[in-house]
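**Q** Contents of structure_19.tsv (TSV, C-alpha atoms) are below:
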```
chain	number	residue	atom	x	y	z
A	1195	ALA	CA	35.94	95.03	102.03
A	1196	THR	CA	37.51	98.07	103.65
A	1197	LYS	CA	39.36	97.31	106.88
A	1198	THR	CA	39.12	99.72	109.82
A	1199	ILE	CA	42.23	100.99	111.62
A	1200	THR	CA	41.45	102.02	115.20
A	1201	ILE	CA	43.28	105.09	116.49
A	1202	TRP	CA	43.45	106.18	120.13
A	1203	ALA	CA	44.23	109.78	121.15
A	1204	ASP	CA	43.65	112.22	124.00
A	1205	ASP	CA	41.14	115.08	123.96
A	1206	ALA	CA	43.80	117.55	122.75
A	1207	ARG	CA	44.36	115.57	119.54
A	1208	GLY	CA	41.40	113.24	119.00
A	1209	PRO	CA	38.84	115.81	117.79
A	1210	ALA	CA	41.48	117.36	115.50
A	1211	LEU	CA	42.41	113.96	114.02
A	1212	LYS	CA	38.75	113.31	113.21
A	1213	THR	CA	38.69	116.31	110.89
A	1214	PHE	CA	41.08	114.74	108.38
A	1215	LEU	CA	41.38	111.03	109.23
A	1216	GLU	CA	37.96	109.70	110.27
A	1217	GLY	CA	36.53	107.77	107.32
A	1218	ASN	CA	39.46	108.71	105.03
A	1219	THR	CA	40.11	105.94	102.46
A	1220	LYS	CA	42.73	107.74	100.31
A	1221	ILE	CA	45.71	107.69	102.68
A	1222	ALA	CA	45.79	103.90	102.80
A	1223	PRO	CA	43.59	102.43	100.03
A	1224	GLY	CA	41.62	99.46	101.33
A	1225	TYR	CA	41.58	100.89	104.84
A	1226	THR	CA	39.67	103.54	106.76
A	1227	PHE	CA	40.20	105.12	110.17
A	1228	LYS	CA	38.15	105.31	113.36
A	1229	ILE	CA	39.24	107.70	116.14
A	1230	THR	CA	38.60	106.97	119.82
A	1231	THR	CA	39.15	110.00	122.04
A	1232	TYR	CA	39.95	109.78	125.74
A	1233	ALA	CA	39.22	112.57	128.23
A	1234	GLY	CA	42.79	113.67	128.82
A	1235	TYR	CA	46.29	112.24	128.78
A	1236	ASP	CA	45.91	110.27	132.01
A	1237	ALA	CA	42.75	108.52	130.83
A	1238	LEU	CA	44.40	107.61	127.52
A	1239	ASP	CA	47.55	106.36	129.23
A	1240	SER	CA	45.59	104.26	131.71
A	1241	ALA	CA	43.54	102.64	128.92
A	1242	TRP	CA	46.67	102.01	126.85
A	1243	LYS	CA	48.50	100.32	129.74
A	1244	LYS	CA	45.56	97.90	130.15
A	1245	ALA	CA	45.00	97.38	126.39
A	1246	THR	CA	45.12	93.91	124.83
A	1247	ALA	CA	44.71	92.65	121.27
A	1248	SER	CA	41.00	92.04	121.85
A	1249	GLY	CA	40.06	95.71	122.16
A	1250	GLY	CA	43.32	97.64	121.83
A	1251	PRO	CA	44.22	100.25	119.21
A	1252	ASP	CA	46.16	99.78	115.97
A	1253	VAL	CA	47.70	103.25	116.15
A	1254	MET	CA	48.47	105.42	119.19
A	1255	PHE	CA	48.94	109.20	119.24
A	1256	HIS	CA	51.05	109.63	122.38
A	1257	PRO	CA	54.34	111.19	123.56
A	1258	ALA	CA	57.40	109.74	121.83
A	1259	GLY	CA	58.71	108.49	125.17
A	1260	GLU	CA	55.60	106.36	125.59
A	1261	GLY	CA	56.27	104.87	122.15
A	1262	VAL	CA	59.70	103.84	123.43
A	1263	ASN	CA	58.11	102.28	126.52
A	1264	ALA	CA	55.75	100.39	124.20
A	1265	ALA	CA	58.73	99.19	122.16
A	1266	LYS	CA	60.43	97.92	125.31
A	1267	SER	CA	57.36	95.88	126.22
A	1268	GLY	CA	56.80	94.58	122.68
A	1269	LYS	CA	53.65	96.66	122.09
A	1270	ALA	CA	55.04	98.85	119.25
A	1271	VAL	CA	56.30	98.07	115.75
A	1272	PRO	CA	59.57	99.52	114.33
A	1273	LEU	CA	59.29	101.93	111.39
A	1274	THR	CA	61.63	102.87	108.53
A	1275	PHE	CA	62.34	106.39	107.32
A	1276	SER	CA	63.91	107.64	104.09
A	1277	ALA	CA	66.97	109.90	104.12
A	1278	THR	CA	64.70	112.84	103.19
A	1279	GLU	CA	62.29	112.08	106.04
A	1280	LYS	CA	65.18	111.81	108.49
A	1281	SER	CA	66.49	115.18	107.36
A	1282	GLN	CA	63.07	116.88	107.60
A	1283	LEU	CA	62.17	115.38	110.99
A	1284	GLY	CA	65.58	115.93	112.62
A	1285	ALA	CA	67.78	113.79	114.82
A	1286	ALA	CA	66.43	115.03	118.16
A	1287	ALA	CA	62.80	114.30	117.27
A	1288	LEU	CA	63.52	110.88	115.77
A	1289	GLY	CA	65.87	110.09	118.63
A	1290	ALA	CA	63.06	110.64	121.15
A	1291	GLY	CA	61.20	107.69	119.60
A	1292	THR	CA	64.20	105.40	119.14
A	1293	TYR	CA	65.00	102.27	121.16
A	1294	LYS	CA	68.06	100.07	120.63
A	1295	GLY	CA	68.82	101.72	117.30
A	1296	ARG	CA	65.31	101.30	115.82
A	1297	THR	CA	62.75	104.10	115.53
A	1298	TYR	CA	59.15	103.40	116.53
A	1299	VAL	CA	57.52	106.84	116.52
A	1300	VAL	CA	56.72	109.40	113.82
A	1301	PRO	CA	57.38	112.70	115.67
A	1302	LEU	CA	54.68	115.25	114.88
A	1303	ASP	CA	54.55	118.12	117.36
A	1304	VAL	CA	57.05	119.68	119.71
A	1305	ASP	CA	56.67	120.93	123.26
A	1306	THR	CA	59.69	123.09	123.96
A	1307	THR	CA	61.04	126.52	124.85
A	1308	THR	CA	63.09	129.07	122.98
A	1309	MET	CA	64.35	132.63	123.48
A	1310	ILE	CA	61.72	135.31	122.94
A	1311	TRP	CA	63.68	138.50	122.28
A	1312	ASN	CA	62.10	141.96	122.60
A	1313	THR	CA	63.16	143.78	119.42
A	1314	LYS	CA	62.86	147.11	121.23
A	1315	PHE	CA	66.48	146.28	122.18
A	1316	GLY	CA	67.52	145.77	118.53
A	1317	ALA	CA	68.04	142.50	116.66
A	1318	ALA	CA	68.57	139.38	118.79
A	1319	PRO	CA	72.20	138.81	119.82
A	1320	LYS	CA	74.12	136.06	118.02
A	1321	THR	CA	76.26	135.30	121.09
A	1322	PHE	CA	75.58	135.18	124.83
A	1323	ALA	CA	78.59	137.45	125.29
A	1324	ASP	CA	76.87	140.09	123.14
A	1325	LEU	CA	73.63	139.68	125.11
A	1326	VAL	CA	75.59	140.45	128.30
A	1327	THR	CA	77.35	143.47	126.77
A	1328	ARG	CA	74.08	144.90	125.50
A	1329	PHE	CA	72.32	144.27	128.81
A	1330	LYS	CA	74.99	146.14	130.74
A	1331	ALA	CA	74.54	149.12	128.42
A	1332	ALA	CA	70.73	148.97	128.73
A	1333	LYS	CA	70.96	148.67	132.52
A	1334	ALA	CA	73.26	151.68	132.69
A	1335	ALA	CA	70.79	153.61	130.51
A	1336	GLY	CA	67.88	152.58	132.77
A	1337	THR	CA	66.01	150.74	130.00
A	1338	ALA	CA	66.42	147.15	131.27
A	1339	THR	CA	66.51	145.45	134.68
A	1340	THR	CA	67.22	141.88	133.49
A	1341	GLY	CA	68.92	140.38	130.44
A	1342	ILE	CA	67.15	137.03	130.15
A	1343	CYS	CA	64.66	135.31	132.44
A	1344	SER	CA	63.68	131.67	132.57
A	1345	SER	CA	60.01	132.41	133.11
A	1346	ASP	CA	59.24	128.73	133.80
A	1347	GLY	CA	61.68	128.68	136.69
A	1348	THR	CA	64.53	126.19	137.02
A	1349	TRP	CA	62.94	123.85	134.43
A	1350	GLY	CA	63.37	126.39	131.63
A	1351	SER	CA	66.89	127.49	132.56
A	1352	LEU	CA	68.83	124.70	130.81
A	1353	PRO	CA	69.65	126.90	127.74
A	1354	ILE	CA	71.42	129.43	129.95
A	1355	LEU	CA	73.40	126.71	131.72
A	1356	THR	CA	74.42	125.12	128.42
A	1357	ALA	CA	75.26	128.53	126.92
A	1358	LEU	CA	77.83	128.87	129.70
A	1359	GLY	CA	79.32	125.41	129.10
A	1360	GLY	CA	77.42	123.52	131.81
A	1361	GLY	CA	74.23	121.47	131.81
A	1362	ALA	CA	72.65	118.39	133.32
A	1363	TRP	CA	74.94	115.79	131.74
A	1364	GLY	CA	77.12	115.06	128.74
A	1365	TYR	CA	76.11	112.89	125.79
A	1366	LYS	CA	77.42	109.75	124.19
A	1367	ALA	CA	78.94	109.80	120.69
A	1368	ASP	CA	75.50	109.95	118.99
A	1369	GLY	CA	74.80	113.30	120.66
A	1370	ILE	CA	71.35	112.06	121.75
A	1371	THR	CA	71.90	109.44	124.45
A	1372	PRO	CA	72.60	110.98	127.88
A	1373	ASP	CA	75.83	109.89	129.56
A	1374	PRO	CA	75.08	110.29	133.30
A	1375	ASN	CA	78.74	109.63	134.09
A	1376	GLN	CA	79.68	112.85	132.27
A	1377	ILE	CA	78.98	115.59	134.79
A	1378	ILE	CA	79.50	118.96	133.07
A	1379	PHE	CA	77.63	121.08	135.63
A	1380	ASN	CA	80.92	122.30	137.14
A	1381	SER	CA	83.12	122.10	134.06
A	1382	PRO	CA	86.06	124.55	133.99
A	1383	GLU	CA	84.32	126.36	131.12
A	1384	ALA	CA	81.10	126.69	133.15
A	1385	VAL	CA	82.92	128.03	136.22
A	1386	THR	CA	84.82	130.59	134.11
A	1387	ASN	CA	81.69	131.75	132.26
A	1388	TRP	CA	79.50	131.98	135.37
A	1389	ASN	CA	82.08	134.31	136.91
A	1390	LYS	CA	82.61	136.27	133.71
A	1391	TYR	CA	79.02	136.75	132.54
A	1392	LEU	CA	76.63	136.41	135.51
A	1393	ILE	CA	78.53	137.83	138.50
A	1394	ASP	CA	79.05	141.47	139.50
A	1395	PRO	CA	82.77	141.68	140.42
A	1396	THR	CA	82.04	144.21	143.17
A	1397	THR	CA	79.11	142.57	145.01
A	1398	LYS	CA	80.03	138.97	143.99
A	1399	LYS	CA	76.27	138.50	143.42
A	1400	SER	CA	74.08	138.55	140.28
A	1401	ASN	CA	74.79	141.33	137.80
A	1402	GLY	CA	71.18	141.15	136.56
A	1403	VAL	CA	71.90	139.26	133.33
A	1404	PHE	CA	69.94	136.15	134.38
A	1405	ALA	CA	66.79	135.59	136.45
A	1406	TRP	CA	64.71	132.47	137.05
A	1407	ASP	CA	61.77	133.99	138.94
A	1408	GLY	CA	58.97	132.39	136.96
A	1409	TRP	CA	56.16	134.05	135.02
A	1410	GLU	CA	54.56	135.75	138.03
A	1411	VAL	CA	57.63	137.96	138.45
A	1412	CYS	CA	59.31	137.93	135.04
A	1413	GLY	CA	56.14	138.02	132.94
A	1414	PRO	CA	54.88	141.49	133.92
A	1415	GLN	CA	58.42	142.90	133.67
A	1416	PHE	CA	58.93	141.47	130.18
A	1417	LEU	CA	55.52	142.73	129.05
A	1418	ALA	CA	56.49	146.16	130.41
A	1419	GLY	CA	59.68	146.12	128.32
A	1420	LYS	CA	62.10	145.88	131.25
A	1421	ILE	CA	63.47	142.40	130.47
A	1422	MET	CA	65.27	141.90	127.16
A	1423	ALA	CA	64.44	138.22	126.66
A	1424	LEU	CA	62.48	135.30	128.08
A	1425	ASN	CA	63.23	131.63	127.63
A	1426	THR	CA	59.77	130.05	127.57
A	1427	GLY	CA	57.28	128.14	125.44
A	1428	SER	CA	54.50	128.84	122.97
A	1429	TRP	CA	52.05	129.02	125.91
A	1430	ARG	CA	53.18	132.62	126.63
A	1431	ILE	CA	52.84	133.98	123.08
A	1432	GLY	CA	49.20	135.05	123.55
A	1433	ASP	CA	49.99	137.29	126.53
A	1434	ILE	CA	53.03	138.75	124.77
A	1435	GLN	CA	51.03	139.58	121.64
A	1436	LYS	CA	48.21	141.14	123.70
A	1437	ALA	CA	50.76	143.42	125.36
A	1438	GLY	CA	51.96	144.59	121.93
A	1439	VAL	CA	55.56	143.47	122.47
A	1440	LYS	CA	57.42	142.99	119.18
A	1441	TYR	CA	59.63	139.92	119.29
A	1442	THR	CA	61.63	137.31	117.43
A	1443	LEU	CA	62.13	133.64	118.30
A	1444	GLN	CA	65.53	131.95	118.32
A	1445	PRO	CA	67.37	129.56	120.68
A	1446	VAL	CA	69.54	131.11	123.39
A	1447	PRO	CA	72.99	131.57	121.76
A	1448	THR	CA	76.22	130.09	123.10
A	1449	VAL	CA	78.89	132.35	124.57
A	1450	ASN	CA	80.76	132.60	121.26
A	1451	GLY	CA	78.00	131.64	118.83
A	1452	LYS	CA	79.59	128.28	118.04
A	1453	GLY	CA	77.77	125.05	118.77
A	1454	LYS	CA	74.29	124.88	120.31
A	1455	THR	CA	72.58	125.42	123.61
A	1456	HIS	CA	70.03	122.83	124.75
A	1457	GLN	CA	66.51	123.07	126.05
A	1458	TRP	CA	64.22	120.33	127.31
A	1459	THR	CA	61.95	119.14	124.55
A	1460	GLY	CA	59.11	116.67	124.42
A	1461	PHE	CA	57.73	115.29	121.17
A	1462	GLY	CA	54.19	114.12	120.50
A	1463	GLY	CA	53.85	111.52	117.79
A	1464	ALA	CA	52.22	108.38	116.47
A	1465	PHE	CA	53.19	104.72	116.48
A	1466	VAL	CA	51.83	101.42	115.21
A	1467	THR	CA	50.93	98.94	117.96
A	1468	SER	CA	51.66	95.22	117.89
A	1469	PHE	CA	47.87	94.69	117.89
A	1470	ALA	CA	47.66	96.00	114.29
A	1471	ALA	CA	49.20	92.78	112.92
A	1472	LYS	CA	46.75	90.68	114.94
A	1473	HIS	CA	43.89	92.75	113.50
A	1474	GLY	CA	45.27	92.36	109.96
A	1475	VAL	CA	45.78	96.09	109.45
A	1476	GLU	CA	49.53	96.61	110.03
A	1477	LEU	CA	50.20	97.43	106.37
A	1478	GLY	CA	47.53	100.16	106.38
A	1479	ALA	CA	48.71	101.50	109.72
A	1480	LYS	CA	52.26	101.81	108.36
A	1481	LYS	CA	50.89	103.66	105.30
A	1482	LEU	CA	49.39	106.18	107.73
A	1483	MET	CA	52.83	106.56	109.35
A	1484	GLN	CA	54.39	107.21	105.91
A	1485	TYR	CA	51.73	109.84	105.23
A	1486	LEU	CA	52.33	111.60	108.56
A	1487	ALA	CA	56.13	111.50	108.09
A	1488	ALA	CA	55.82	113.28	104.72
A	1489	PRO	CA	55.14	117.03	104.37
A	1490	ALA	CA	51.50	116.64	103.23
A	1491	GLY	CA	50.49	114.57	106.24
A	1492	ALA	CA	52.59	116.63	108.64
A	1493	LEU	CA	50.87	119.80	107.41
A	1494	ALA	CA	47.36	118.30	107.68
A	1495	TYR	CA	48.17	117.29	111.26
A	1496	ALA	CA	49.78	120.64	112.17
A	1497	LYS	CA	46.82	122.65	110.85
A	1498	ALA	CA	44.34	120.40	112.65
A	1499	VAL	CA	46.00	120.37	116.08
A	1500	ASN	CA	47.56	123.88	115.91
A	1501	ARG	CA	50.78	122.88	117.68
A	1502	PRO	CA	54.41	123.63	116.74
A	1503	ALA	CA	55.35	121.13	114.04
A	1504	VAL	CA	58.46	118.96	113.90
A	1505	ASN	CA	58.75	118.63	110.12
A	1506	SER	CA	61.05	121.37	108.79
A	1507	ALA	CA	59.60	121.09	105.26
A	1508	ILE	CA	56.31	122.72	106.35
A	1509	ALA	CA	57.80	125.60	108.35
A	1510	SER	CA	56.71	128.19	105.78
A	1511	LYS	CA	53.13	126.86	105.77
A	1512	VAL	CA	52.37	127.19	109.48
A	1513	SER	CA	52.39	130.34	111.63
A	1514	SER	CA	55.83	131.89	112.11
A	1515	ASP	CA	55.60	131.29	115.86
A	1516	ALA	CA	54.70	127.61	115.42
A	1517	ALA	CA	57.56	127.29	112.94
A	1518	GLY	CA	59.97	129.02	115.34
A	1519	PHE	CA	59.21	126.70	118.26
A	1520	GLY	CA	59.25	123.66	115.97
A	1521	LYS	CA	62.63	124.65	114.57
A	1522	ALA	CA	64.04	125.29	118.05
A	1523	GLY	CA	62.92	121.86	119.25
A	1524	ALA	CA	64.31	120.07	116.21
A	1525	SER	CA	67.67	121.87	116.30
A	1526	ASN	CA	68.39	122.41	120.01
A	1527	GLY	CA	65.99	120.15	121.87
A	1528	VAL	CA	67.16	117.34	124.14
A	1529	VAL	CA	64.91	114.74	125.74
A	1530	GLN	CA	63.85	115.43	129.30
A	1531	GLU	CA	64.99	112.23	131.05
A	1532	ASN	CA	62.65	112.36	134.04
A	1533	ALA	CA	64.15	109.29	135.73
A	1534	LEU	CA	67.48	111.13	135.98
A	1535	LEU	CA	66.13	114.62	136.68
A	1536	GLY	CA	63.70	113.39	139.34
A	1537	SER	CA	66.25	111.22	141.17
A	1538	ASN	CA	67.23	112.41	144.63
A	1539	ALA	CA	69.73	109.63	145.33
A	1540	GLY	CA	72.27	112.34	146.13
A	1541	GLY	CA	69.89	114.11	148.52
A	1542	ALA	CA	68.03	116.47	146.14
A	1543	ASN	CA	66.68	116.27	142.58
A	1544	TRP	CA	67.89	118.32	139.60
A	1545	TYR	CA	65.36	121.13	140.04
A	1546	ASP	CA	66.00	121.53	143.78
A	1547	VAL	CA	69.77	121.49	143.19
A	1548	LEU	CA	69.38	124.25	140.58
A	1549	GLY	CA	67.20	126.41	142.81
A	1550	ASP	CA	69.74	126.04	145.63
A	1551	VAL	CA	72.69	126.86	143.34
A	1552	TYR	CA	71.01	129.94	141.87
A	1553	SER	CA	70.09	131.22	145.33
A	1554	LYS	CA	73.54	130.62	146.82
A	1555	ILE	CA	75.53	132.15	143.96
A	1556	LEU	CA	73.29	134.87	142.54
A	1557	VAL	CA	71.45	136.04	145.68
A	1558	LYS	CA	73.84	135.24	148.54
A	1559	GLY	CA	77.09	135.75	146.66
A	1560	GLN	CA	78.68	132.41	147.54
A	1561	ASP	CA	81.71	131.15	145.60
A	1562	VAL	CA	80.90	129.85	142.10
A	1563	GLN	CA	83.47	127.03	141.99
A	1564	ALA	CA	82.70	125.67	145.46
A	1565	THR	CA	78.93	125.83	144.94
A	1566	LEU	CA	78.99	124.16	141.52
A	1567	ASP	CA	81.39	121.48	142.80
A	1568	LYS	CA	79.10	120.56	145.71
A	1569	ALA	CA	76.11	120.41	143.38
A	1570	ALA	CA	78.00	118.22	140.90
A	1571	VAL	CA	78.59	115.59	143.63
A	1572	ILE	CA	74.83	115.37	144.23
A	1573	LEU	CA	74.05	115.21	140.51
A	1574	TYR	CA	76.60	112.44	139.94
A	1575	LYS	CA	74.90	110.32	142.63
A	1576	ASN	CA	71.51	111.03	141.05
```
Kindly present the structure from the file in structure tokens form.

**A**
Amino acid sequence: ATKTITIWADDARGPALKTFLEGNTKIAPGYTFKITTYAGYDALDSAWKKATASGGPDVMFHPAGEGVNAAKSGKAVPLTFSATEKSQLGAAALGAGTYKGRTYVVPLDVDTTTMIWNTKFGAAPKTFADLVTRFKAAKAAGTATTGICSSDGTWGSLPILTALGGGAWGYKADGITPDPNQIIFNSPEAVTNWNKYLIDPTTKKSNGVFAWDGWEVCGPQFLAGKIMALNTGSWRIGDIQKAGVKYTLQPVPTVNGKGKTHQWTGFGGAFVTSFAAKHGVELGAKKLMQYLAAPAGALAYAKAVNRPAVNSAIASKVSSDAAGFGKAGASNGVVQENALLGSNAGGANWYDVLGDVYSKILVKGQDVQATLDKAAVILYKN
């Protein structure tokens, strides 16, 4: 008899999963799939937190971070990946679903930002230094008012900070695990580059290269061709296309083009629950994970949910925009550690510190070194 594998998902993924998984007996011979859809992320998460073996799911489609939480509480099963799968899925995406050296989540879609460059200003710059040089020329010619804007406010500005040699924190040897003791916000490199690339030597305030005003301010200006680049997510592509702006997608470059900038990235994925073994379907559930980790399954999922895909092997088979955001997340994405970013142990959280720093330096013209140093003390406590 065919055994049924129960899958839980939210309303953004459940209906899409039904189109290629519900009733499918080919992915895992001897098994079929039943999808239960919850009305939104919160409803799904609430049900999952209360779930037991008696009525719980065998497979969860949920953010990778929730798969890690499940692993910590013994509710998820570790998975194995081939060298090819590891290469195609990327270290950042797999790392988001890893706990104590074991990976529990197949990363499937990426929620991230990247630089959207208006090609009216030529091909996208390969270095941040070149972006600044070209902006100064465009400003002098009256064709641009801003170089690059984080149109999601302080949240989306991490690539600019890391381009300059700063950022929220350093990383341990694996390049994935945050090291909160490594405060790089006020590194000598960051202080030098802030002064060199963002400050007008005459006014001691912003030279116009960088803005963080959010979509309400930056959006209309970018659509009008006055801002050279935005750092934002796929959620703005529709408006940009409607305005007829021609663009390319690529991560914000570093000052000299060497190394990588970082942007916050979240990964949606799937994991096998500990209930699957109790229901006698763990083998079939793991076959589904193997299918989703391979290009064929990743493509079926990407086409169904229409989100930027993680798997690099299917980049040419999804829209160029979806491929661009997927590639950016896999190559430059770092996990948004909300426990660290939301902490206000030092008196203010990451986002409030950033807003204060940007205002003091870029608007009020306060000293870069002193301002970054004060902020770094707060961030270290956080």

**Q** Which polymer residues, protein or nucleic acid, are no farther than 9 Å from (55.8, 143.1, 122.4), counting all atoms listed in the file, as a list of chain:residue names?

**A**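 Output: A:Asn1312, A:Thr1313, A:Lys1314, A:Phe1416, A:Leu1417, A:Ala1418, A:Gly1419, A:Ile1434, A:Gln1435, A:Lys1436, A:Ala1437, A:Gly1438, A:Val1439, A:Lys1440, A:Tyr1441.
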
**Q** Output C-alpha atoms for every residue in that selection, as a short mmCIF file (atom, residue, chain, number, x, y, z; two decimals), keeping the file's coordinate frame.

**A**
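Contents of out35.cif, freshly written:
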```cif
data_model
loop_
_atom_site.label_atom_id
_atom_site.label_comp_id
_atom_site.auth_asym_id
_atom_site.auth_seq_id
_atom_site.Cartn_x
_atom_site.Cartn_y
_atom_site.Cartn_z
CA ASN A 1312 62.10 141.96 122.60
CA THR A 1313 63.16 143.78 119.42
CA LYS A 1314 62.86 147.11 121.23
CA PHE A 1416 58.93 141.47 130.18
CA LEU A 1417 55.52 142.73 129.05
CA ALA A 1418 56.49 146.16 130.41
CA GLY A 1419 59.68 146.12 128.32
CA ILE A 1434 53.03 138.75 124.77
CA GLN A 1435 51.03 139.58 121.64
CA LYS A 1436 48.21 141.14 123.70
CA ALA A 1437 50.76 143.42 125.36
CA GLY A 1438 51.96 144.59 121.93
CA VAL A 1439 55.56 143.47 122.47
CA LYS A 1440 57.42 142.99 119.18
CA TYR A 1441 59.63 139.92 119.29
#
```

**Q** Excluding A:Gly1361 and any residue of its chain fewer than 2 positions from it, enumerate the residues within 8 Å of it, using only C-alpha atoms, and give them as a list in words.

**A** Leu1352, Leu1355, Thr1356, Gly1359, Trp1363, Gly1364, Ile1378 and Phe1379 of chain A

**Q** To one decimal place in Å, what is the distance between atom CA of A:Leu1493 and atom CA of A:Ser1513?

**A**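 A separation of 11.5 Å between them.
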
**Q** Need to verify the contact set: A:Lys1269, 12 Å, all atoms listed in the file, exclusion of same-chain residues closer than 5 positions in sequence. Can you return it as a PyMOL selection string?

**A** chain A and resi 1242-1247+1250-1254+1260-1264+1298+1465-1472

**Q** Would you list the contacts of A:Thr1274 as a ChimeraX atom specification, taking every protein, DNA or RNA residue within 10 Å and counting only C-alpha atoms, but skipping same-chain residues closer than 3 positions in sequence?

**A** /A:1277,1279-1280,1296-1300,1480,1483-1484

**Q** Can those selected residues be exported to a file as a PDB file, keeping the file's coordinate frame so that it contains C-alpha atoms?

**A**
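part-v5.pdb, written as the output of this step:
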```pdb
ATOM      1  CA  ALA A1277      66.970 109.900 104.120  1.00  0.00           C
ATOM      2  CA  GLU A1279      62.290 112.080 106.040  1.00  0.00           C
ATOM      3  CA  LYS A1280      65.180 111.810 108.490  1.00  0.00           C
ATOM      4  CA  ARG A1296      65.310 101.300 115.820  1.00  0.00           C
ATOM      5  CA  THR A1297      62.750 104.100 115.530  1.00  0.00           C
ATOM      6  CA  TYR A1298      59.150 103.400 116.530  1.00  0.00           C
ATOM      7  CA  VAL A1299      57.520 106.840 116.520  1.00  0.00           C
ATOM      8  CA  VAL A1300      56.720 109.400 113.820  1.00  0.00           C
ATOM      9  CA  LYS A1480      52.260 101.810 108.360  1.00  0.00           C
ATOM     10  CA  MET A1483      52.830 106.560 109.350  1.00  0.00           C
ATOM     11  CA  GLN A1484      54.390 107.210 105.910  1.00  0.00           C
TER      12      GLN A1484
END
```

**Q** Quick one, how far is atom CA of A:Gly1360 from atom CA of A:Glu1383?

**A**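 Separating atom CA of A:Gly1360 from atom CA of A:Glu1383 is a distance of 7.5 Å.
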
**Q** Nearest residue to A:Gly1536 out of A:Leu1211, A:Val1562, A:Leu1573, A:Ala1331, using all atoms listed in the file?

**A**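 Checking each candidate against A:Gly1536, we get A:Leu1573 as the closest.
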
**Q** Please report, as a tab-separated table, each residue of stretch 1319-1350 of chain A lying at most 12 Å from stretch 1537-1559 of chain A, together with the nearest pair of atoms and the separation in Å rounded to one decimal; use only C-alpha atoms, and order rows by chain and ascending residue number.

**A**
```
residue	atom	partner	partner_atom	distance
A:Ser1344	CA	A:Tyr1552	CA	12.0
A:Asp1346	CA	A:Tyr1545	CA	11.6
A:Gly1347	CA	A:Gly1549	CA	8.5
A:Thr1348	CA	A:Tyr1545	CA	6.0
A:Trp1349	CA	A:Tyr1545	CA	6.7
A:Gly1350	CA	A:Tyr1545	CA	10.1
```

**Q** Taking into account only C-alpha atoms, which residue in the set A:Arg1501, A:Asp1394, A:Gln1376, A:Trp1458 is nearest to A:Val1571?

**A**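 Nearest candidate to A:Val1571 out of A:Arg1501, A:Asp1394, A:Gln1376, A:Trp1458: A:Gln1376.
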
**Q** Quick one, how far is atom CA of A:Ala1524 from atom CA of A:Ala1423?

**A**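 Rounded to one decimal, the two atoms are 20.9 Å apart.
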
**Q** Listing only residues of stretch 1462-1490 of chain A within 10 Å of stretch 1219-1240 of chain A, what is the closest atom pair and its distance in Å (to one decimal) for each, using all atoms listed in the file, sorted by chain and residue number ascending, as CSV?

**A**
```
residue,atom,partner,partner_atom,distance
A:Val1475,CA,A:Tyr1225,CA,7.9
A:Leu1477,CA,A:Ala1222,CA,8.6
A:Gly1478,CA,A:Ala1222,CA,5.5
A:Ala1479,CA,A:Ala1222,CA,7.9
A:Lys1480,CA,A:Ala1222,CA,8.8
A:Lys1481,CA,A:Ala1222,CA,5.7
A:Leu1482,CA,A:Ile1221,CA,6.4
A:Met1483,CA,A:Ile1221,CA,9.8
A:Gln1484,CA,A:Ile1221,CA,9.3
A:Tyr1485,CA,A:Ile1221,CA,6.9
A:Leu1486,CA,A:Ile1221,CA,9.7
```

**Q** From the list A:Leu1358, A:Ala1487, A:Ala1533, A:Leu1566, which residue is nearest A:Asp1303 when using all atoms listed in the file?

**A**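 Ranking A:Leu1358, A:Ala1487, A:Ala1533, A:Leu1566 by distance to A:Asp1303, first place goes to A:Ala1487.
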
**Q** From the options A:Ala1464, A:Val1326, A:Ile1354, A:Ala1317, which residue's atoms come nearest to A:Ala1203, counting all atoms listed in the file?

**A**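 Closest candidate: A:Ala1464.
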
**Q** Let me make sure I understand: among A:Arg1207, A:Arg1430, A:Lys1497, A:Lys1366, which one has the smallest atom-to-atom distance to A:Ile1310 if we use only C-alpha atoms?

**A**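 Residue with the minimum atom-to-atom distance to A:Ile1310: A:Arg1430.
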
**Q** For each of A:Val1529, A:Ser1345, A:His1256, A:Ala1507, take the minimum atom-to-atom distance to A:Gly1408, counting all atoms listed in the file, then give the residue where this is smallest.

**A** A:Ser1345

**Q** Quick one: residues within 10 Å of A:Gly1369, all atoms listed in the file, excluding same-chain residues fewer than 6 positions away - as a list in words?

**A** Ala1285, Ala1286, Gly1289 and Val1528 of chain A

**Q** Would you mind exporting C-alpha atoms of the selected residues as a PDB file, in the frame of the given file?

**A**
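Writing the result to result03.pdb gives the following:
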```pdb
ATOM      1  CA  ALA A1285      67.780 113.790 114.820  1.00  0.00           C
ATOM      2  CA  ALA A1286      66.430 115.030 118.160  1.00  0.00           C
ATOM      3  CA  GLY A1289      65.870 110.090 118.630  1.00  0.00           C
ATOM      4  CA  VAL A1528      67.160 117.340 124.140  1.00  0.00           C
TER       5      VAL A1528
END
```
